[in-house]
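Trainee: File name data_19.cif; file contents mmCIF, C-alpha atoms; full text below.
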```cif
data_my_file
#
loop_
_atom_site.label_atom_id
_atom_site.label_comp_id
_atom_site.auth_asym_id
_atom_site.auth_seq_id
_atom_site.Cartn_x
_atom_site.Cartn_y
_atom_site.Cartn_z
CA MET A 8 -2.38 -19.02 22.63
CA ASP A 9 0.88 -17.25 21.98
CA LEU A 10 0.60 -16.89 18.24
CA VAL A 11 3.52 -14.51 17.92
CA GLN A 12 5.90 -17.37 18.72
CA GLU A 13 4.50 -19.71 16.08
CA LYS A 14 5.59 -20.28 12.49
CA CYS A 15 3.16 -20.41 9.60
CA VAL A 16 2.49 -23.94 8.44
CA PRO A 17 2.31 -24.45 4.68
CA CYS A 18 -1.26 -23.97 3.61
CA ARG A 19 -2.48 -26.14 0.76
CA GLY A 20 -5.55 -25.24 -1.27
CA GLY A 21 -7.40 -28.27 0.10
CA GLU A 22 -7.44 -27.05 3.70
CA PRO A 23 -10.71 -25.45 4.71
CA ALA A 24 -10.95 -21.86 5.90
CA LEU A 25 -11.50 -21.32 9.63
CA ARG A 26 -15.11 -21.73 10.70
CA PRO A 27 -16.96 -18.68 12.11
CA GLU A 28 -16.69 -19.94 15.71
CA GLN A 29 -12.94 -20.48 15.29
CA ILE A 30 -12.53 -16.98 13.83
CA LYS A 31 -14.43 -15.55 16.80
CA GLU A 32 -12.10 -17.33 19.20
CA TYR A 33 -8.95 -16.09 17.46
CA LEU A 34 -10.34 -12.54 17.16
CA ALA A 35 -10.75 -12.44 20.93
CA GLU A 36 -6.96 -12.78 21.09
CA ALA A 37 -6.41 -10.06 18.47
CA PRO A 38 -8.88 -7.31 19.45
CA GLU A 39 -7.04 -4.59 17.47
CA TRP A 40 -7.88 -6.37 14.21
CA ALA A 41 -11.18 -6.04 12.37
CA LEU A 42 -12.85 -8.82 10.42
CA VAL A 43 -13.61 -7.27 7.01
CA LYS A 44 -15.18 -8.97 4.00
CA ARG A 45 -13.48 -8.04 0.73
CA ASP A 46 -15.04 -9.39 -2.45
CA GLY A 47 -16.78 -12.05 -0.39
CA VAL A 48 -13.55 -13.13 1.35
CA ASP A 49 -12.98 -12.78 5.11
CA THR A 50 -9.87 -10.70 5.85
CA LEU A 51 -8.14 -9.27 8.92
CA GLU A 52 -7.49 -5.54 8.77
CA ARG A 53 -5.71 -3.03 11.00
CA THR A 54 -4.53 0.54 10.38
CA PHE A 55 -1.29 1.56 12.12
CA ARG A 56 -0.42 5.23 12.74
CA PHE A 57 2.99 6.91 12.36
CA ARG A 58 4.48 10.34 12.84
CA ASP A 59 5.16 10.86 9.13
CA PHE A 60 5.44 9.26 5.70
CA ALA A 61 8.94 7.88 6.30
CA GLY A 62 7.76 6.09 9.45
CA ALA A 63 4.87 4.51 7.57
CA LEU A 64 7.16 3.44 4.71
CA ALA A 65 9.67 1.90 7.12
CA PHE A 66 6.89 -0.14 8.73
CA THR A 67 5.72 -1.35 5.31
CA ALA A 68 9.27 -2.58 4.67
CA MET A 69 9.35 -4.37 8.05
CA VAL A 70 6.02 -6.14 7.52
CA GLY A 71 6.96 -6.94 3.92
CA ALA A 72 10.25 -8.54 5.00
CA GLU A 73 8.45 -10.69 7.60
CA ALA A 74 5.90 -11.70 4.97
CA GLU A 75 8.65 -12.73 2.54
CA ALA A 76 10.39 -14.74 5.27
CA GLU A 77 7.18 -16.69 5.94
CA GLY A 78 6.02 -16.89 2.33
CA HIS A 79 2.65 -15.43 3.35
CA HIS A 80 1.78 -12.07 1.81
CA PRO A 81 -0.55 -9.27 2.91
CA SER A 82 -1.92 -6.19 1.23
CA LEU A 83 -0.12 -3.05 2.49
CA LEU A 84 -1.61 0.40 1.91
CA THR A 85 1.04 3.02 2.70
CA GLU A 86 0.02 6.68 3.06
CA TRP A 87 1.29 9.72 4.94
CA GLY A 88 1.25 8.73 8.63
CA ARG A 89 -0.48 5.37 8.27
CA VAL A 90 -0.31 1.83 6.94
CA LYS A 91 -3.36 -0.39 6.52
CA VAL A 92 -2.38 -4.07 6.72
CA THR A 93 -4.74 -6.76 5.43
CA TRP A 94 -4.15 -10.50 5.94
CA TRP A 95 -6.02 -13.39 4.34
CA THR A 96 -5.16 -16.67 2.65
CA HIS A 97 -5.57 -16.56 -1.12
CA LYS A 98 -5.58 -20.32 -1.62
CA ILE A 99 -8.54 -20.97 0.65
CA LYS A 100 -10.30 -17.67 -0.06
CA GLY A 101 -10.61 -17.02 3.65
CA LEU A 102 -8.82 -16.92 6.98
CA HIS A 103 -6.33 -19.54 8.15
CA ARG A 104 -4.57 -19.81 11.50
CA ASN A 105 -1.52 -18.45 9.65
CA ASP A 106 -3.29 -15.09 9.22
CA PHE A 107 -3.70 -14.71 12.96
CA ILE A 108 -0.05 -15.66 13.46
CA MET A 109 0.96 -12.94 11.01
CA ALA A 110 -1.41 -10.41 12.63
CA ALA A 111 0.25 -11.09 16.01
CA ARG A 112 3.67 -10.63 14.43
CA THR A 113 2.56 -7.40 12.78
CA ASN A 114 1.51 -6.09 16.20
CA ARG A 115 4.96 -6.96 17.53
CA LEU A 116 6.67 -5.14 14.65
CA PHE A 117 4.55 -2.07 15.36
CA ALA A 118 5.67 -2.15 19.00
CA GLU A 119 9.27 -2.05 17.69
CA ALA A 120 8.71 0.65 15.01
CA SER A 121 10.45 3.90 15.87
CA ALA A 122 7.96 6.38 14.41
CA ALA A 123 4.87 4.55 15.70
CA VAL A 124 2.00 6.56 17.15
CA PRO A 125 0.46 4.10 19.65
CA MET B 30 6.93 18.83 -21.89
CA ASP B 31 9.61 16.73 -20.26
CA LEU B 32 8.11 16.46 -16.81
CA VAL B 33 10.53 13.80 -15.62
CA GLN B 34 13.31 16.41 -15.56
CA GLU B 35 11.35 18.89 -13.47
CA LYS B 36 11.31 19.42 -9.74
CA CYS B 37 8.11 19.83 -7.75
CA VAL B 38 7.46 23.42 -6.78
CA PRO B 39 6.14 24.02 -3.27
CA CYS B 40 2.38 23.93 -3.40
CA ARG B 41 0.56 26.25 -1.05
CA GLY B 42 -3.07 25.70 -0.14
CA GLY B 43 -4.09 28.87 -1.97
CA GLU B 44 -3.09 27.60 -5.40
CA PRO B 45 -6.02 26.34 -7.43
CA ALA B 46 -6.20 22.75 -8.68
CA LEU B 47 -5.58 22.23 -12.41
CA ARG B 48 -8.59 22.99 -14.57
CA PRO B 49 -10.21 20.11 -16.54
CA GLU B 50 -8.67 21.27 -19.84
CA GLN B 51 -5.22 21.43 -18.25
CA ILE B 52 -5.65 17.94 -16.81
CA LYS B 53 -6.65 16.67 -20.26
CA GLU B 54 -3.50 18.16 -21.74
CA TYR B 55 -1.21 16.62 -19.10
CA LEU B 56 -2.95 13.25 -19.33
CA ALA B 57 -2.17 13.12 -23.04
CA GLU B 58 1.50 13.08 -21.97
CA ALA B 59 0.90 10.34 -19.37
CA PRO B 60 -1.38 7.85 -21.15
CA GLU B 61 -0.59 5.00 -18.72
CA TRP B 62 -2.23 6.90 -15.87
CA ALA B 63 -5.96 6.94 -15.19
CA LEU B 64 -7.88 9.90 -13.83
CA VAL B 65 -9.85 8.50 -10.87
CA LYS B 66 -12.12 10.39 -8.49
CA ARG B 67 -11.66 9.35 -4.86
CA ASP B 68 -14.02 10.92 -2.33
CA GLY B 69 -14.72 13.71 -4.81
CA VAL B 70 -11.00 14.43 -5.39
CA ASP B 71 -9.30 13.95 -8.77
CA THR B 72 -6.34 11.55 -8.51
CA LEU B 73 -3.87 9.90 -10.89
CA GLU B 74 -3.69 6.13 -10.61
CA ARG B 75 -1.56 3.41 -12.19
CA THR B 76 -1.01 -0.25 -11.29
CA PHE B 77 2.49 -1.62 -11.93
CA ARG B 78 3.14 -5.37 -12.30
CA PHE B 79 6.05 -7.39 -10.89
CA ARG B 80 7.26 -10.98 -10.92
CA ASP B 81 6.67 -11.50 -7.19
CA PHE B 82 6.01 -9.86 -3.83
CA ALA B 83 9.64 -8.87 -3.25
CA GLY B 84 9.70 -7.01 -6.58
CA ALA B 85 6.54 -5.12 -5.69
CA LEU B 86 7.90 -4.25 -2.24
CA ALA B 87 11.19 -3.01 -3.69
CA PHE B 88 9.28 -0.71 -6.07
CA THR B 89 7.21 0.65 -3.18
CA ALA B 90 10.49 1.52 -1.42
CA MET B 91 11.83 3.25 -4.58
CA VAL B 92 8.70 5.36 -5.12
CA GLY B 93 8.53 6.11 -1.38
CA ALA B 94 12.13 7.35 -1.34
CA GLU B 95 11.48 9.63 -4.33
CA ALA B 96 8.35 10.94 -2.63
CA GLU B 97 10.28 11.73 0.55
CA ALA B 98 12.98 13.50 -1.45
CA GLU B 99 10.38 15.76 -3.07
CA GLY B 100 8.15 16.13 -0.01
CA HIS B 101 5.15 15.01 -2.07
CA HIS B 102 3.49 11.78 -0.95
CA PRO B 103 1.37 9.23 -2.78
CA SER B 104 -0.79 6.33 -1.68
CA LEU B 105 0.98 3.00 -2.35
CA LEU B 106 -0.95 -0.28 -2.34
CA THR B 107 1.53 -3.16 -2.28
CA GLU B 108 0.33 -6.70 -3.01
CA TRP B 109 1.80 -9.90 -4.44
CA GLY B 110 3.02 -8.96 -7.94
CA ARG B 111 1.65 -5.45 -8.08
CA VAL B 112 1.73 -1.92 -6.72
CA LYS B 113 -1.04 0.62 -7.24
CA VAL B 114 0.32 4.17 -7.07
CA THR B 115 -2.04 7.11 -6.53
CA TRP B 116 -0.95 10.76 -6.76
CA TRP B 117 -2.92 13.85 -5.80
CA THR B 118 -2.33 17.06 -3.86
CA HIS B 119 -3.92 17.06 -0.43
CA LYS B 120 -3.71 20.82 0.11
CA ILE B 121 -5.69 21.73 -2.98
CA LYS B 122 -7.92 18.63 -2.93
CA GLY B 123 -7.10 17.94 -6.55
CA LEU B 124 -4.34 17.62 -9.13
CA HIS B 125 -1.35 19.94 -9.41
CA ARG B 126 1.38 19.99 -12.01
CA ASN B 127 3.54 18.33 -9.30
CA ASP B 128 1.39 15.19 -9.52
CA PHE B 129 2.16 14.80 -13.20
CA ILE B 130 5.87 15.36 -12.51
CA MET B 131 5.76 12.58 -9.89
CA ALA B 132 3.77 10.30 -12.24
CA ALA B 133 6.48 10.74 -14.91
CA ARG B 134 9.16 9.96 -12.33
CA THR B 135 7.26 6.88 -11.16
CA ASN B 136 7.22 5.64 -14.77
CA ARG B 137 10.98 6.12 -14.91
CA LEU B 138 11.50 4.18 -11.67
CA PHE B 139 9.41 1.34 -13.08
CA ALA B 140 11.63 1.23 -16.16
CA GLU B 141 14.60 0.79 -13.78
CA ALA B 142 12.95 -1.79 -11.48
CA SER B 143 14.53 -5.22 -11.79
CA ALA B 144 11.45 -7.41 -11.23
CA ALA B 145 9.16 -5.29 -13.42
CA VAL B 146 6.71 -7.03 -15.74
CA PRO B 147 6.30 -4.45 -18.53
#
```
Could you write out this file's structure as structure tokens?
Mentor:
Amino acid sequence: MDLVQEKCVPCRGGEPALRPEQIKEYLAEAPEWALVKRDGVDTLERTFRFRDFAGALAFTAMVGAEAEAEGHHPSLLTEWGRVKVTWWTHKIKGLHRNDFIMAARTNRLFAEASAAVP
Amino acid sequence: MDLVQEKCVPCRGGEPALRPEQIKEYLAEAPEWALVKRDGVDTLERTFRFRDFAGALAFTAMVGAEAEAEGHHPSLLTEWGRVKVTWWTHKIKGLHRNDFIMAARTNRLFAEASAAVP
């Protein structure tokens, strides 16, 4: 799977969330991401580190722009030196293949971010 | 008090946090903000609403730029249609007059934000 190259497909409310065995398979390809339940909903979560506040804020802007371009929106917690990114699919109250695509793209943006602390 | 006109003064670790009666007095001037304890630390918190994700992201950038200019940094949670802003002073593990100055400035930025939902 090379998720980073894929586009999100429109996700209608009727589509089911990924099944646990599918999630496990995708997670194996995205080991930096944690599966976290928030209010009963499966989400993907990763905290990225930066040298300072400005670096964190710049990364938030990068991820936000990518999200807008795909019409798929995360939760972004920006603090001094770090950004916590959370992906999930509101309409299906769970994880969709799209979320793993966006997680892979977020990793790629981090690799390009200038103030990143790997 | 017209806090929005004031600059933050450098806050050294030795300065004490505001006392409860001082916090009460400042909060009366900032009724939109809630006093919330996070990990035992008093913080100021307000959620701002926007028409869409882009509006929320733009506000995050505005507040982040103001924070950088003052060297005083909040926590910014950006989601579709809303931004939760949290101010506190790390060095004193509590609230400083600076936090109320930044809260007043955040209110002013919201009044200027184009996609704001008042």
Trainee: Could you please tell me, as a count of residues only, which residues of chain B have an atom within 8 Å of chain A when using all atoms listed in the file?
Mentor: 14
Trainee: List every protein, DNA or RNA residue that has at least one atom no more than 10 Å from (-2.7, -14.2, 22.3) in the file's coordinates, counting only C-alpha atoms, and write the result as a list in words.
Mentor: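 Those residues, ordered by chain and then number, are Met8, Asp9, Leu10, Val11, Gln12, Tyr33, Leu34, Ala35, Glu36, Ala37, Pro38, Phe107, Ile108 and Ala111 of chain A.
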Trainee: Once you have the residues from the selection above, write them out as a PDB file, in the coordinates of the input, restricted to C-alpha atoms.
Mentor:
```
ATOM      1  CA  MET A   8      -2.380 -19.020  22.630  1.00  0.00           C
ATOM      2  CA  ASP A   9       0.880 -17.250  21.980  1.00  0.00           C
ATOM      3  CA  LEU A  10       0.600 -16.890  18.240  1.00  0.00           C
ATOM      4  CA  VAL A  11       3.520 -14.510  17.920  1.00  0.00           C
ATOM      5  CA  GLN A  12       5.900 -17.370  18.720  1.00  0.00           C
ATOM      6  CA  TYR A  33      -8.950 -16.090  17.460  1.00  0.00           C
ATOM      7  CA  LEU A  34     -10.340 -12.540  17.160  1.00  0.00           C
ATOM      8  CA  ALA A  35     -10.750 -12.440  20.930  1.00  0.00           C
ATOM      9  CA  GLU A  36      -6.960 -12.780  21.090  1.00  0.00           C
ATOM     10  CA  ALA A  37      -6.410 -10.060  18.470  1.00  0.00           C
ATOM     11  CA  PRO A  38      -8.880  -7.310  19.450  1.00  0.00           C
ATOM     12  CA  PHE A 107      -3.700 -14.710  12.960  1.00  0.00           C
ATOM     13  CA  ILE A 108      -0.050 -15.660  13.460  1.00  0.00           C
ATOM     14  CA  ALA A 111       0.250 -11.090  16.010  1.00  0.00           C
TER      15      ALA A 111
END
```
Trainee: Determine the residue membership of the PyMOL selection byres ((chain B and resi 69) around 12) for the file above and supply it as number ranges by chain.
Mentor: B: 64-68, 70-72, 117, 122-124
Trainee: Could you write out as JSON, numbers by chain the residues that the PyMOL selection byres ((chain B and resi 47) around 6) matches in the shown file?
Mentor: {"B": [46, 48, 51, 124, 125]}
Trainee: How far is it from atom CA of Ala41 of chain A to atom CA of Glu13 of chain A, in Å with one decimal?
Mentor: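 Separation between atom CA of Ala41 of chain A and atom CA of Glu13 of chain A: 21.1 Å.
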Trainee: Measuring atom to atom with all atoms listed in the file, identify which of A:Arg53, A:Lys98, A:Arg58, A:Arg19 is nearest to Glu39 of chain A.
Mentor: A:Arg53
Trainee: Using the file's own x, y and z axes, what box holds all listed atoms of segment 77-81 of chain B with 6 Å on each side, keeping edges along x, y and z, and what are its centre and edge lengths in Å to one decimal, as JSON?
Mentor:
```
{"center_x": 4.9, "center_y": -6.6, "center_z": -9.7, "size_x": 16.8, "size_y": 21.9, "size_z": 17.1}
```
